[in-house]
Each structure stands twice: as structure tokens, then as C-alpha cells.
file my_file15.pdb (PDB, C-alpha atoms)
ATOM      1  CA  MET A   5      -3.108 -19.860 -16.237
ATOM      2  CA  LYS A   6      -2.785 -16.570 -14.330
ATOM      3  CA  LYS A   7      -6.441 -16.747 -13.306
ATOM      4  CA  TRP A   8      -5.887 -20.246 -11.914
ATOM      5  CA  ARG A   9      -2.756 -19.147 -10.014
ATOM      6  CA  ARG A  10      -4.632 -16.195  -8.528
ATOM      7  CA  PHE A  11      -7.398 -18.562  -7.365
ATOM      8  CA  TYR A  12      -4.766 -20.898  -5.886
ATOM      9  CA  TYR A  13      -3.152 -18.092  -3.871
ATOM     10  CA  ASP A  14      -6.529 -16.779  -2.732
ATOM     11  CA  ILE A  15      -7.126 -20.197  -1.153
ATOM     12  CA  PHE A  16      -3.502 -20.583  -0.004
ATOM     13  CA  SER A  17      -3.762 -17.284   1.907
ATOM     14  CA  ASN A  18      -5.574 -19.200   4.659
ATOM     15  CA  PHE A  19      -2.469 -21.361   5.300
ATOM     16  CA  TYR A  20       0.374 -19.178   4.002
ATOM     17  CA  ASP A  21       1.708 -17.789   7.293
ATOM     18  CA  ARG A  22       1.801 -21.215   8.948
ATOM     19  CA  ILE A  23       3.633 -22.811   6.001
ATOM     20  CA  ILE A  24       6.285 -20.061   5.883
ATOM     21  CA  ALA A  25       6.800 -20.193   9.652
ATOM     22  CA  LEU A  26       7.141 -23.984   9.551
ATOM     23  CA  HIS A  27       9.786 -23.924   6.816
ATOM     24  CA  SER A  28      11.827 -20.972   8.071
ATOM     25  CA  ARG A  29      11.226 -21.475  11.815
ATOM     26  CA  ASP A  30      10.896 -17.713  12.051
ATOM     27  CA  LYS A  31       8.295 -17.474  14.793
ATOM     28  CA  SER A  32       9.957 -14.346  16.221
ATOM     29  CA  ALA A  33       9.948 -12.552  12.845
ATOM     30  CA  ARG A  34      13.725 -12.187  13.071
ATOM     31  CA  LEU A  35      14.108 -12.890   9.335
ATOM     32  CA  ARG A  36      11.886  -9.949   8.412
ATOM     33  CA  GLU A  37      13.902  -7.688  10.672
ATOM     34  CA  PHE A  38      17.137  -9.011   9.161
ATOM     35  CA  LEU A  39      15.844  -8.407   5.636
ATOM     36  CA  LEU A  40      14.976  -4.799   6.475
ATOM     37  CA  GLU A  41      18.285  -4.238   8.264
ATOM     38  CA  LYS A  42      20.180  -5.427   5.207
ATOM     39  CA  SER A  43      18.040  -3.238   2.942
ATOM     40  CA  GLY A  44      19.308  -0.122   4.674
ATOM     41  CA  VAL A  45      15.803   1.355   4.832
ATOM     42  CA  ALA A  46      15.887   4.593   6.835
ATOM     43  CA  PRO A  47      13.417   7.141   8.238
ATOM     44  CA  GLY A  48      11.739   9.067   5.452
ATOM     45  CA  ASP A  49      12.213   6.305   2.874
ATOM     46  CA  LYS A  50       9.526   4.865   0.638
ATOM     47  CA  LEU A  51       9.527   1.049   0.603
ATOM     48  CA  LEU A  52       7.686  -1.312  -1.732
ATOM     49  CA  ASP A  53       7.225  -4.993  -0.878
ATOM     50  CA  ILE A  54       6.316  -6.987  -4.001
ATOM     51  CA  CYS A  55       4.542 -10.355  -3.848
ATOM     52  CA  THR A  56       3.724  -9.225  -0.329
ATOM     53  CA  GLY A  57       1.433 -12.158   0.419
ATOM     54  CA  THR A  58      -0.198 -11.570   3.787
ATOM     55  CA  GLY A  59       1.974  -8.518   4.325
ATOM     56  CA  ALA A  60       4.554  -9.722   6.857
ATOM     57  CA  VAL A  61       7.471  -7.677   5.479
ATOM     58  CA  ALA A  62       5.380  -4.632   4.555
ATOM     59  CA  LEU A  63       3.903  -4.523   8.059
ATOM     60  CA  LYS A  64       7.304  -4.827   9.686
ATOM     61  CA  ALA A  65       8.545  -2.022   7.419
ATOM     62  CA  GLY A  66       5.552   0.052   8.477
ATOM     63  CA  GLN A  67       6.604  -0.392  12.092
ATOM     64  CA  VAL A  68      10.190   0.624  11.283
ATOM     65  CA  LEU A  69       9.208   3.683   9.259
ATOM     66  CA  ALA A  70       6.225   4.703  11.415
ATOM     67  CA  ASP A  71       5.119   8.195  10.313
ATOM     68  CA  SER A  72       8.489   9.090   8.795
ATOM     69  CA  GLY A  73       8.113   7.148   5.545
ATOM     70  CA  VAL A  74       5.782   5.056   3.407
ATOM     71  CA  ALA A  75       5.394   1.274   3.220
ATOM     72  CA  VAL A  76       3.448  -0.285   0.338
ATOM     73  CA  GLY A  77       2.689  -3.946  -0.310
ATOM     74  CA  VAL A  78       1.702  -5.317  -3.739
ATOM     75  CA  ASP A  79       0.208  -8.694  -4.620
ATOM     76  CA  PHE A  80      -2.039 -10.084  -7.361
ATOM     77  CA  SER A  81      -4.061 -12.176  -4.893
ATOM     78  CA  ARG A  82      -7.061 -10.471  -3.319
ATOM     79  CA  GLY A  83      -7.182 -13.199  -0.665
ATOM     80  CA  MET A  84      -3.607 -12.509   0.423
ATOM     81  CA  LEU A  85      -4.218  -8.761   0.577
ATOM     82  CA  GLU A  86      -7.381  -9.198   2.622
ATOM     83  CA  LYS A  87      -5.323 -11.061   5.234
ATOM     84  CA  ALA A  88      -2.680  -8.310   5.123
ATOM     85  CA  CYS A  89      -5.284  -5.579   5.632
ATOM     86  CA  GLN A  90      -6.802  -7.463   8.557
ATOM     87  CA  LYS A  91      -3.381  -7.628  10.205
ATOM     88  CA  ALA A  92      -2.757  -3.915   9.637
ATOM     89  CA  MET A  93      -6.116  -2.976  11.158
ATOM     90  CA  HIS A  94      -5.561  -5.315  14.099
ATOM     91  CA  ILE A  95      -2.332  -3.574  15.104
ATOM     92  CA  GLY A  96      -3.439  -0.101  14.010
ATOM     93  CA  LEU A  97      -0.685   0.324  11.446
ATOM     94  CA  LYS A  98      -0.809   2.552   8.361
ATOM     95  CA  VAL A  99       0.465   0.460   5.462
ATOM     96  CA  TYR A 100      -0.858   0.658   1.901
ATOM     97  CA  PHE A 101      -1.777  -2.548   0.071
ATOM     98  CA  VAL A 102      -2.311  -2.549  -3.695
ATOM     99  CA  LEU A 103      -3.830  -5.264  -5.906
ATOM    100  CA  ALA A 104      -1.568  -5.337  -8.977
ATOM    101  CA  ASP A 105       0.596  -7.431 -11.262
ATOM    102  CA  THR A 106       4.293  -7.148 -10.384
ATOM    103  CA  ALA A 107       5.110  -7.284 -14.107
ATOM    104  CA  ALA A 108       3.265  -3.969 -14.577
ATOM    105  CA  LEU A 109       3.599  -1.988 -11.360
ATOM    106  CA  PRO A 110       1.184   0.979 -11.111
ATOM    107  CA  PHE A 111       3.804   3.422  -9.794
ATOM    108  CA  PRO A 112       5.879   6.160 -11.444
ATOM    109  CA  SER A 113       9.562   5.654 -12.172
ATOM    110  CA  GLY A 114      11.867   6.353  -9.236
ATOM    111  CA  ALA A 115       9.041   6.205  -6.693
ATOM    112  CA  PHE A 116      10.784   4.013  -4.091
ATOM    113  CA  ASP A 117      14.063   3.934  -2.201
ATOM    114  CA  VAL A 118      13.844   0.220  -1.373
ATOM    115  CA  VAL A 119      12.005  -2.726  -2.930
ATOM    116  CA  THR A 120      11.768  -6.030  -1.056
ATOM    117  CA  CYS A 121      10.538  -9.505  -1.958
ATOM    118  CA  SER A 122      10.304 -12.452   0.412
ATOM    119  CA  HIS A 123       9.999 -16.149  -0.485
ATOM    120  CA  ALA A 124       8.122 -15.474  -3.712
ATOM    121  CA  MET A 125      10.324 -14.589  -6.685
ATOM    122  CA  TYR A 126      11.075 -18.185  -7.650
ATOM    123  CA  GLU A 127       7.335 -18.843  -7.909
ATOM    124  CA  LEU A 128       7.049 -16.542 -10.935
ATOM    125  CA  SER A 129       7.327 -17.797 -14.502
ATOM    126  CA  PRO A 130      10.597 -16.842 -16.270
ATOM    127  CA  GLU A 131       8.795 -14.259 -18.412
ATOM    128  CA  THR A 132       6.968 -12.706 -15.466
ATOM    129  CA  ARG A 133      10.144 -12.673 -13.363
ATOM    130  CA  GLN A 134      12.116 -10.851 -16.066
ATOM    131  CA  ALA A 135       9.345  -8.279 -16.451
ATOM    132  CA  THR A 136       9.073  -7.929 -12.670
ATOM    133  CA  LEU A 137      12.792  -7.307 -12.202
ATOM    134  CA  ALA A 138      12.685  -4.701 -14.967
ATOM    135  CA  GLU A 139       9.743  -3.029 -13.218
ATOM    136  CA  VAL A 140      11.557  -3.111  -9.881
ATOM    137  CA  ARG A 141      14.533  -1.357 -11.437
ATOM    138  CA  ARG A 142      12.224   1.218 -13.000
ATOM    139  CA  VAL A 143      10.397   2.156  -9.789
ATOM    140  CA  LEU A 144      13.607   2.415  -7.745
ATOM    141  CA  VAL A 145      15.459   5.695  -7.414
ATOM    142  CA  PRO A 146      19.003   5.644  -8.873
ATOM    143  CA  GLY A 147      21.123   3.858  -6.278
ATOM    144  CA  GLY A 148      18.001   2.381  -4.691
ATOM    145  CA  VAL A 149      18.112  -1.111  -3.193
ATOM    146  CA  PHE A 150      16.359  -4.287  -4.283
ATOM    147  CA  ILE A 151      16.637  -7.044  -1.719
ATOM    148  CA  MET A 152      15.008 -10.463  -1.729
ATOM    149  CA  MET A 153      14.881 -13.441   0.607
ATOM    150  CA  GLU A 154      14.518 -17.025  -0.590
ATOM    151  CA  HIS A 155      14.863 -20.521   0.838
ATOM    152  CA  MET A 156      18.267 -22.167   0.980
ATOM    153  CA  GLN A 157      18.496 -25.752  -0.229
ATOM    154  CA  PRO A 158      17.589 -27.834   2.855
ATOM    155  CA  SER A 159      20.349 -29.912   4.457
ATOM    156  CA  LYS A 160      18.179 -32.775   5.750
ATOM    157  CA  PRO A 161      17.794 -35.513   3.079
ATOM    158  CA  LEU A 162      13.993 -35.838   3.209
ATOM    159  CA  ILE A 163      13.373 -32.086   3.220
ATOM    160  CA  ARG A 164      15.957 -31.635   0.462
ATOM    161  CA  PHE A 165      14.208 -34.290  -1.620
ATOM    162  CA  LEU A 166      10.835 -32.553  -1.197
ATOM    163  CA  TYR A 167      12.490 -29.257  -2.091
ATOM    164  CA  GLN A 168      13.915 -30.787  -5.279
ATOM    165  CA  VAL A 169      10.477 -32.164  -6.145
ATOM    166  CA  ARG A 170       9.073 -28.656  -5.681
ATOM    167  CA  LEU A 171      11.714 -27.235  -8.025
ATOM    168  CA  ALA A 172      11.039 -29.952 -10.588
ATOM    169  CA  SER A 173       7.328 -29.148 -10.451
ATOM    170  CA  MET A 174       8.118 -25.655 -11.731
ATOM    171  CA  GLY A 175       8.742 -27.230 -15.114
ATOM    172  CA  SER A 176      11.103 -24.584 -16.449
ATOM    173  CA  LEU A 177      14.843 -25.245 -16.166
ATOM    174  CA  ASP A 178      15.243 -21.481 -15.929
ATOM    175  CA  ASN A 179      13.154 -21.447 -12.749
ATOM    176  CA  ARG A 180      15.210 -24.203 -11.167
ATOM    177  CA  GLU A 181      18.455 -22.446 -11.999
ATOM    178  CA  PHE A 182      17.091 -19.244 -10.506
ATOM    179  CA  ALA A 183      16.175 -20.980  -7.244
ATOM    180  CA  ARG A 184      19.699 -22.412  -6.963
ATOM    181  CA  ASP A 185      21.519 -19.106  -7.551
ATOM    182  CA  GLU A 186      19.662 -15.874  -8.196
ATOM    183  CA  ARG A 187      22.720 -13.666  -8.685
ATOM    184  CA  PRO A 188      23.255 -14.130 -12.449
ATOM    185  CA  PHE A 189      19.626 -13.192 -13.070
ATOM    186  CA  LEU A 190      19.723 -10.120 -10.843
ATOM    187  CA  ARG A 191      22.953  -8.887 -12.430
ATOM    188  CA  GLN A 192      21.016  -8.321 -15.652
ATOM    189  CA  PHE A 193      19.192  -5.474 -13.877
ATOM    190  CA  PHE A 194      21.218  -4.431 -10.831
ATOM    191  CA  GLN A 195      24.795  -3.821  -9.762
ATOM    192  CA  ASN A 196      26.726  -4.807  -6.623
ATOM    193  CA  VAL A 197      24.719  -8.042  -6.326
ATOM    194  CA  THR A 198      25.558 -10.032  -3.181
ATOM    195  CA  LEU A 199      24.255 -13.175  -1.466
ATOM    196  CA  GLU A 200      24.475 -14.187   2.177
ATOM    197  CA  ALA A 201      22.830 -16.675   4.513
ATOM    198  CA  ALA A 202      20.153 -15.368   6.844
ATOM    199  CA  PRO A 203      20.073 -16.268  10.554
ATOM    200  CA  GLY A 204      19.219 -19.921  11.036
ATOM    201  CA  GLY A 205      20.657 -20.959   7.676
ATOM    202  CA  ARG A 206      17.290 -21.797   6.108
ATOM    203  CA  SER A 207      17.002 -18.654   4.000
ATOM    204  CA  LYS A 208      19.329 -16.442   1.985
ATOM    205  CA  ILE A 209      19.415 -12.734   1.237
ATOM    206  CA  VAL A 210      20.230 -11.469  -2.268
ATOM    207  CA  ARG A 211      20.799  -7.728  -2.599
ATOM    208  CA  GLY A 212      21.496  -5.364  -5.514
ATOM    209  CA  THR A 213      21.258  -1.676  -6.353
ATOM    210  CA  ARG A 214      19.825   0.193  -9.288
ATOM    211  CA  PRO A 215      22.608   1.750 -11.370
ATOM    212  CA  ALA A 216      22.901   5.486 -10.739
TER     213      ALA A 216
END

call {"tool": "encode", "arguments": {"input": "my_file15.pdb", "output": "C-alpha cells"}}
result
Amino acid sequence: MKKWRRFYYDIFSNFYDRIIALHSRDKSARLREFLLEKSGVAPGDKLLDICTGTGAVALKAGQVLADSGVAVGVDFSRGMLEKACQKAMHIGLKVYFVLADTAALPFPSGAFDVVTCSHAMYELSPETRQATLAEVRRVLVPGGVFIMMEHMQPSKPLIRFLYQVRLASMGSLDNREFARDERPFLRQFFQNVTLEAAPGGRSKIVRGTRPA
């Protein structure tokens, strides 16, 4: 199953940016900036973006941190990471991209000050998501921030119907419950968990900290 999903995302990498932009209407990248603002990432920090896809958040973090910190993006799809690397080279930005499974991150404990995830966590199976959240907690410094962005339930009837079909296609009731409200799941691993709408009302930000 994982091999098939990796193949799917390798192919999907060719359309990924256009699909995300269409759904979120974030052509100006304001949502990425908002996510990073809410993360509290500061000069000198080390930031990890999991399920980085084509690297949109990791690249924006690289611009924010410049030479004062480190931005790393992780994904299990080689196709996605190839697109991310092409973007980084095009703009001359130093961002590290790592091919890895988020359920077994290849980093030491306490390696990062901030971990981000954008429009991806609800795609993981319940087992992989639990392992991923445990790994995120492990690689964060005590008091470090995990912050994720996901789609809000659409308000327009047709789009909401398609969204519900997408949730139903996940199969697992656990996945559908997670997509509706992520906070109970995150509270198993983090403290001070909050949720707020992002600009435009199409996405939401969920934020928590690793216990000290």
C-alpha cells in the first residue's frame, strides 16, 4: 500500500501546487507566511517541515531564516522532493530536503525548534499519523512548537459535498474525525493546543507545544 501511495504522489507532484492554490486561493503565499508567523519561528531556529510536498512552506521558512537558521523539508515522495529542489535552485535558496518516512524521522531527539505540516496530516493512515505525531514530539526541543494547517469544511454546498466524498474515501472513521477536529488527537502529544481560522477562511491553523 505504501509503495502505491508513493507512486501516486510521485505522479501527483506534477499537479500538486495548482490543486492547492485552487482550493486555498493562496496565490500570494499569504497562508504560508501566516503559518510561519503563528509558529513563532525566529532567527537562529531550526525548522522541520514534514510532508513538505513540493516544499512551499520549507522554502518560505528558508527565506525567513536566511543564513541565521536551518530549514529542512521531509517527504516520502521522490517526485515531490525533486520539484522542491528545482524550486530551491531556481531562487538560489539553501534549504535541505530529505527523503524519509515521517513515522521514523532520521533526526536526533530535540533537533528542531519548530515543526510544520501543511495540508497533509489528514492524508496519513491513523497508525502512521500516531507514529508521526510521536516522532514530531521527539524531534522537538522541550517547549518547541508543532503547527499544522488543514482545510476548513467548505461552505459552498457542491464543494462541501465533494469534500465529504473525499473524507469518506479515506475509509477510516478515525481519519474523518481527525479532519473535522484535530485538537483531541494533538492533545495526546502536545499541550496548549489551539485552533484558529487562517486568512480567507478556507484553512485552519492548529498549534501545540512539546511539554517541557

call {"tool": "closest_residue", "arguments": {"input": "my_file15.pdb", "among": "A:Val143, A:Cys121, A:Leu97, A:Ala108", "to": "Lys50 (chain A)", "atoms": "all atoms listed in the file"}}
result
A:Val143

call {"tool": "residues_near_point", "arguments": {"input": "my_file15.pdb", "point": "(7.4, -13.8, -19.3)", "cutoff": "12 Å", "atoms": "all atoms listed in the file", "output": "MDAnalysis selection string"}}
result
chainID A and resid 6 106:108 128:138 176 178:179

call {"tool": "write_last_selection", "arguments": {"input": "my_file15.pdb", "atoms": "C-alpha atoms", "output": "mmCIF file, in the frame of the given file"}}
result
data_model
loop_
_atom_site.group_PDB
_atom_site.id
_atom_site.type_symbol
_atom_site.label_atom_id
_atom_site.label_comp_id
_atom_site.auth_asym_id
_atom_site.auth_seq_id
_atom_site.Cartn_x
_atom_site.Cartn_y
_atom_site.Cartn_z
ATOM 1 C CA LYS A 6 -2.785 -16.570 -14.330
ATOM 2 C CA THR A 106 4.293 -7.148 -10.384
ATOM 3 C CA ALA A 107 5.110 -7.284 -14.107
ATOM 4 C CA ALA A 108 3.265 -3.969 -14.577
ATOM 5 C CA LEU A 128 7.049 -16.542 -10.935
ATOM 6 C CA SER A 129 7.327 -17.797 -14.502
ATOM 7 C CA PRO A 130 10.597 -16.842 -16.270
ATOM 8 C CA GLU A 131 8.795 -14.259 -18.412
ATOM 9 C CA THR A 132 6.968 -12.706 -15.466
ATOM 10 C CA ARG A 133 10.144 -12.673 -13.363
ATOM 11 C CA GLN A 134 12.116 -10.851 -16.066
ATOM 12 C CA ALA A 135 9.345 -8.279 -16.451
ATOM 13 C CA THR A 136 9.073 -7.929 -12.670
ATOM 14 C CA LEU A 137 12.792 -7.307 -12.202
ATOM 15 C CA ALA A 138 12.685 -4.701 -14.967
ATOM 16 C CA SER A 176 11.103 -24.584 -16.449
ATOM 17 C CA ASP A 178 15.243 -21.481 -15.929
ATOM 18 C CA ASN A 179 13.154 -21.447 -12.749
#

call {"tool": "closest_residue", "arguments": {"input": "my_file15.pdb", "among": "A:Lys42, A:Arg214, A:Lys64, A:Arg36", "to": "Pro146 (chain A)", "atoms": "all atoms listed in the file"}}
result
A:Arg214

call {"tool": "residues_near_point", "arguments": {"input": "my_file15.pdb", "point": "(4.1, -4.8, 8.4)", "cutoff": "10 Å", "atoms": "all atoms listed in the file", "output": "ChimeraX atom specification"}}
result
/A:36,53,56,58-69,75-77,88-89,91-92,95,97-100

call {"tool": "resolve_selection", "arguments": {"input": "my_file15.pdb", "expression": "the PyMOL selection byres ((chain A and resi 44) around 12)", "output": "PDB file with C-alpha atoms, keeping the file's coordinate frame"}}
result
ATOM      1  CA  GLU A  37      13.902  -7.688  10.672  1.00  0.00           C
ATOM      2  CA  PHE A  38      17.137  -9.011   9.161  1.00  0.00           C
ATOM      3  CA  LEU A  39      15.844  -8.407   5.636  1.00  0.00           C
ATOM      4  CA  LEU A  40      14.976  -4.799   6.475  1.00  0.00           C
ATOM      5  CA  GLU A  41      18.285  -4.238   8.264  1.00  0.00           C
ATOM      6  CA  LYS A  42      20.180  -5.427   5.207  1.00  0.00           C
ATOM      7  CA  SER A  43      18.040  -3.238   2.942  1.00  0.00           C
ATOM      8  CA  VAL A  45      15.803   1.355   4.832  1.00  0.00           C
ATOM      9  CA  ALA A  46      15.887   4.593   6.835  1.00  0.00           C
ATOM     10  CA  PRO A  47      13.417   7.141   8.238  1.00  0.00           C
ATOM     11  CA  GLY A  48      11.739   9.067   5.452  1.00  0.00           C
ATOM     12  CA  ASP A  49      12.213   6.305   2.874  1.00  0.00           C
ATOM     13  CA  LYS A  50       9.526   4.865   0.638  1.00  0.00           C
ATOM     14  CA  LEU A  51       9.527   1.049   0.603  1.00  0.00           C
ATOM     15  CA  ALA A  65       8.545  -2.022   7.419  1.00  0.00           C
ATOM     16  CA  VAL A  68      10.190   0.624  11.283  1.00  0.00           C
ATOM     17  CA  LEU A  69       9.208   3.683   9.259  1.00  0.00           C
ATOM     18  CA  ASP A 117      14.063   3.934  -2.201  1.00  0.00           C
ATOM     19  CA  VAL A 118      13.844   0.220  -1.373  1.00  0.00           C
ATOM     20  CA  VAL A 119      12.005  -2.726  -2.930  1.00  0.00           C
ATOM     21  CA  THR A 120      11.768  -6.030  -1.056  1.00  0.00           C
ATOM     22  CA  GLY A 147      21.123   3.858  -6.278  1.00  0.00           C
ATOM     23  CA  GLY A 148      18.001   2.381  -4.691  1.00  0.00           C
ATOM     24  CA  VAL A 149      18.112  -1.111  -3.193  1.00  0.00           C
ATOM     25  CA  PHE A 150      16.359  -4.287  -4.283  1.00  0.00           C
ATOM     26  CA  ILE A 151      16.637  -7.044  -1.719  1.00  0.00           C
ATOM     27  CA  ARG A 211      20.799  -7.728  -2.599  1.00  0.00           C
ATOM     28  CA  GLY A 212      21.496  -5.364  -5.514  1.00  0.00           C
ATOM     29  CA  THR A 213      21.258  -1.676  -6.353  1.00  0.00           C
TER      30      THR A 213
END

call {"tool": "closest_residue", "arguments": {"input": "my_file15.pdb", "among": "A:Met93, A:Leu109, A:Ala202, A:Met152", "to": "Ala124 (chain A)", "atoms": "all atoms listed in the file"}}
result
A:Met152

call {"tool": "resolve_selection", "arguments": {"input": "my_file15.pdb", "expression": "the PyMOL selection byres ((chain A and resi 80) around 7)", "output": "ChimeraX atom specification"}}
result
/A:10,79,81-82,103-105

call {"tool": "closest_residue", "arguments": {"input": "my_file15.pdb", "among": "A:Asn196, A:Phe116, A:Lys87, A:Pro110", "to": "Val74 (chain A)", "atoms": "all atoms listed in the file"}}
result
A:Phe116

call {"tool": "closest_residue", "arguments": {"input": "my_file15.pdb", "among": "A:Cys55, A:Pro112, A:Glu200, A:Ser72", "to": "Leu85 (chain A)", "atoms": "all atoms listed in the file"}}
result
A:Cys55

call {"tool": "decode", "arguments": {"input": "my_file15.pdb", "residues": "region 48-81 of chain A", "atoms": "N, CA and C atoms", "output": "PDB file, in the first residue's frame"}}
result
ATOM      1  N   GLY A  48      17.899  32.041  13.871  1.00  0.00           N
ATOM      2  CA  GLY A  48      18.690  31.065  14.603  1.00  0.00           C
ATOM      3  C   GLY A  48      17.983  29.754  14.864  1.00  0.00           C
ATOM      4  N   ASP A  49      16.673  29.701  14.602  1.00  0.00           N
ATOM      5  CA  ASP A  49      15.910  28.475  14.853  1.00  0.00           C
ATOM      6  C   ASP A  49      16.195  27.420  13.792  1.00  0.00           C
ATOM      7  N   LYS A  50      15.865  26.193  14.158  1.00  0.00           N
ATOM      8  CA  LYS A  50      15.895  25.064  13.221  1.00  0.00           C
ATOM      9  C   LYS A  50      14.456  24.613  13.003  1.00  0.00           C
ATOM     10  N   LEU A  51      14.006  24.625  11.762  1.00  0.00           N
ATOM     11  CA  LEU A  51      12.617  24.305  11.423  1.00  0.00           C
ATOM     12  C   LEU A  51      12.564  23.088  10.522  1.00  0.00           C
ATOM     13  N   LEU A  52      11.630  22.190  10.835  1.00  0.00           N
ATOM     14  CA  LEU A  52      11.375  20.999  10.029  1.00  0.00           C
ATOM     15  C   LEU A  52       9.957  21.064   9.481  1.00  0.00           C
ATOM     16  N   ASP A  53       9.818  20.908   8.174  1.00  0.00           N
ATOM     17  CA  ASP A  53       8.505  20.847   7.533  1.00  0.00           C
ATOM     18  C   ASP A  53       8.262  19.416   7.077  1.00  0.00           C
ATOM     19  N   ILE A  54       7.327  18.715   7.734  1.00  0.00           N
ATOM     20  CA  ILE A  54       7.052  17.323   7.377  1.00  0.00           C
ATOM     21  C   ILE A  54       5.975  17.263   6.301  1.00  0.00           C
ATOM     22  N   CYS A  55       5.982  16.171   5.532  1.00  0.00           N
ATOM     23  CA  CYS A  55       5.073  16.044   4.384  1.00  0.00           C
ATOM     24  C   CYS A  55       5.191  17.303   3.539  1.00  0.00           C
ATOM     25  N   THR A  56       6.411  17.691   3.253  1.00  0.00           N
ATOM     26  CA  THR A  56       6.688  19.001   2.659  1.00  0.00           C
ATOM     27  C   THR A  56       6.176  19.140   1.241  1.00  0.00           C
ATOM     28  N   GLY A  57       5.877  18.013   0.578  1.00  0.00           N
ATOM     29  CA  GLY A  57       5.383  18.104  -0.792  1.00  0.00           C
ATOM     30  C   GLY A  57       6.423  18.746  -1.692  1.00  0.00           C
ATOM     31  N   THR A  58       6.012  19.777  -2.424  1.00  0.00           N
ATOM     32  CA  THR A  58       6.937  20.471  -3.308  1.00  0.00           C
ATOM     33  C   THR A  58       7.670  21.607  -2.607  1.00  0.00           C
ATOM     34  N   GLY A  59       7.618  21.610  -1.282  1.00  0.00           N
ATOM     35  CA  GLY A  59       8.487  22.472  -0.494  1.00  0.00           C
ATOM     36  C   GLY A  59       8.038  23.891  -0.243  1.00  0.00           C
ATOM     37  N   ALA A  60       6.757  24.204  -0.459  1.00  0.00           N
ATOM     38  CA  ALA A  60       6.306  25.592  -0.340  1.00  0.00           C
ATOM     39  C   ALA A  60       6.615  26.200   1.028  1.00  0.00           C
ATOM     40  N   VAL A  61       6.266  25.498   2.104  1.00  0.00           N
ATOM     41  CA  VAL A  61       6.487  26.037   3.449  1.00  0.00           C
ATOM     42  C   VAL A  61       7.969  26.039   3.802  1.00  0.00           C
ATOM     43  N   ALA A  62       8.675  24.970   3.479  1.00  0.00           N
ATOM     44  CA  ALA A  62      10.106  24.897   3.778  1.00  0.00           C
ATOM     45  C   ALA A  62      10.871  26.012   3.069  1.00  0.00           C
ATOM     46  N   LEU A  63      10.505  26.308   1.833  1.00  0.00           N
ATOM     47  CA  LEU A  63      11.177  27.359   1.085  1.00  0.00           C
ATOM     48  C   LEU A  63      10.867  28.732   1.669  1.00  0.00           C
ATOM     49  N   LYS A  64       9.633  28.943   2.072  1.00  0.00           N
ATOM     50  CA  LYS A  64       9.292  30.211   2.703  1.00  0.00           C
ATOM     51  C   LYS A  64      10.032  30.356   4.026  1.00  0.00           C
ATOM     52  N   ALA A  65      10.154  29.255   4.773  1.00  0.00           N
ATOM     53  CA  ALA A  65      10.921  29.291   6.027  1.00  0.00           C
ATOM     54  C   ALA A  65      12.381  29.600   5.749  1.00  0.00           C
ATOM     55  N   GLY A  66      12.917  29.041   4.668  1.00  0.00           N
ATOM     56  CA  GLY A  66      14.293  29.318   4.291  1.00  0.00           C
ATOM     57  C   GLY A  66      14.520  30.791   4.011  1.00  0.00           C
ATOM     58  N   GLN A  67      13.513  31.444   3.420  1.00  0.00           N
ATOM     59  CA  GLN A  67      13.612  32.871   3.162  1.00  0.00           C
ATOM     60  C   GLN A  67      13.570  33.664   4.466  1.00  0.00           C
ATOM     61  N   VAL A  68      12.729  33.221   5.397  1.00  0.00           N
ATOM     62  CA  VAL A  68      12.607  33.912   6.691  1.00  0.00           C
ATOM     63  C   VAL A  68      13.888  33.769   7.508  1.00  0.00           C
ATOM     64  N   LEU A  69      14.426  32.553   7.547  1.00  0.00           N
ATOM     65  CA  LEU A  69      15.602  32.288   8.369  1.00  0.00           C
ATOM     66  C   LEU A  69      16.905  32.734   7.712  1.00  0.00           C
ATOM     67  N   ALA A  70      16.934  32.726   6.378  1.00  0.00           N
ATOM     68  CA  ALA A  70      18.135  33.084   5.624  1.00  0.00           C
ATOM     69  C   ALA A  70      19.334  32.299   6.153  1.00  0.00           C
ATOM     70  N   ASP A  71      20.429  32.994   6.495  1.00  0.00           N
ATOM     71  CA  ASP A  71      21.624  32.301   6.982  1.00  0.00           C
ATOM     72  C   ASP A  71      21.648  32.159   8.496  1.00  0.00           C
ATOM     73  N   SER A  72      20.574  32.594   9.161  1.00  0.00           N
ATOM     74  CA  SER A  72      20.580  32.600  10.627  1.00  0.00           C
ATOM     75  C   SER A  72      20.045  31.314  11.242  1.00  0.00           C
ATOM     76  N   GLY A  73      19.470  30.440  10.427  1.00  0.00           N
ATOM     77  CA  GLY A  73      18.893  29.205  10.951  1.00  0.00           C
ATOM     78  C   GLY A  73      18.941  28.114   9.904  1.00  0.00           C
ATOM     79  N   VAL A  74      18.160  27.056  10.132  1.00  0.00           N
ATOM     80  CA  VAL A  74      18.144  25.911   9.228  1.00  0.00           C
ATOM     81  C   VAL A  74      16.700  25.526   8.922  1.00  0.00           C
ATOM     82  N   ALA A  75      16.396  25.332   7.656  1.00  0.00           N
ATOM     83  CA  ALA A  75      15.082  24.855   7.227  1.00  0.00           C
ATOM     84  C   ALA A  75      15.257  23.515   6.517  1.00  0.00           C
ATOM     85  N   VAL A  76      14.472  22.527   6.959  1.00  0.00           N
ATOM     86  CA  VAL A  76      14.547  21.175   6.395  1.00  0.00           C
ATOM     87  C   VAL A  76      13.144  20.731   5.996  1.00  0.00           C
ATOM     88  N   GLY A  77      13.017  20.142   4.823  1.00  0.00           N
ATOM     89  CA  GLY A  77      11.748  19.576   4.393  1.00  0.00           C
ATOM     90  C   GLY A  77      11.871  18.072   4.236  1.00  0.00           C
ATOM     91  N   VAL A  78      10.852  17.333   4.699  1.00  0.00           N
ATOM     92  CA  VAL A  78      10.850  15.867   4.619  1.00  0.00           C
ATOM     93  C   VAL A  78       9.612  15.388   3.882  1.00  0.00           C
ATOM     94  N   ASP A  79       9.787  14.428   2.987  1.00  0.00           N
ATOM     95  CA  ASP A  79       8.653  13.798   2.316  1.00  0.00           C
ATOM     96  C   ASP A  79       9.077  12.396   1.886  1.00  0.00           C
ATOM     97  N   PHE A  80       8.094  11.510   1.699  1.00  0.00           N
ATOM     98  CA  PHE A  80       8.426  10.143   1.273  1.00  0.00           C
ATOM     99  C   PHE A  80       8.337   9.989  -0.238  1.00  0.00           C
ATOM    100  N   SER A  81       7.949  11.078  -0.938  1.00  0.00           N
ATOM    101  CA  SER A  81       7.818  11.038  -2.385  1.00  0.00           C
ATOM    102  C   SER A  81       9.027  11.691  -3.051  1.00  0.00           C
TER     103      SER A  81
END
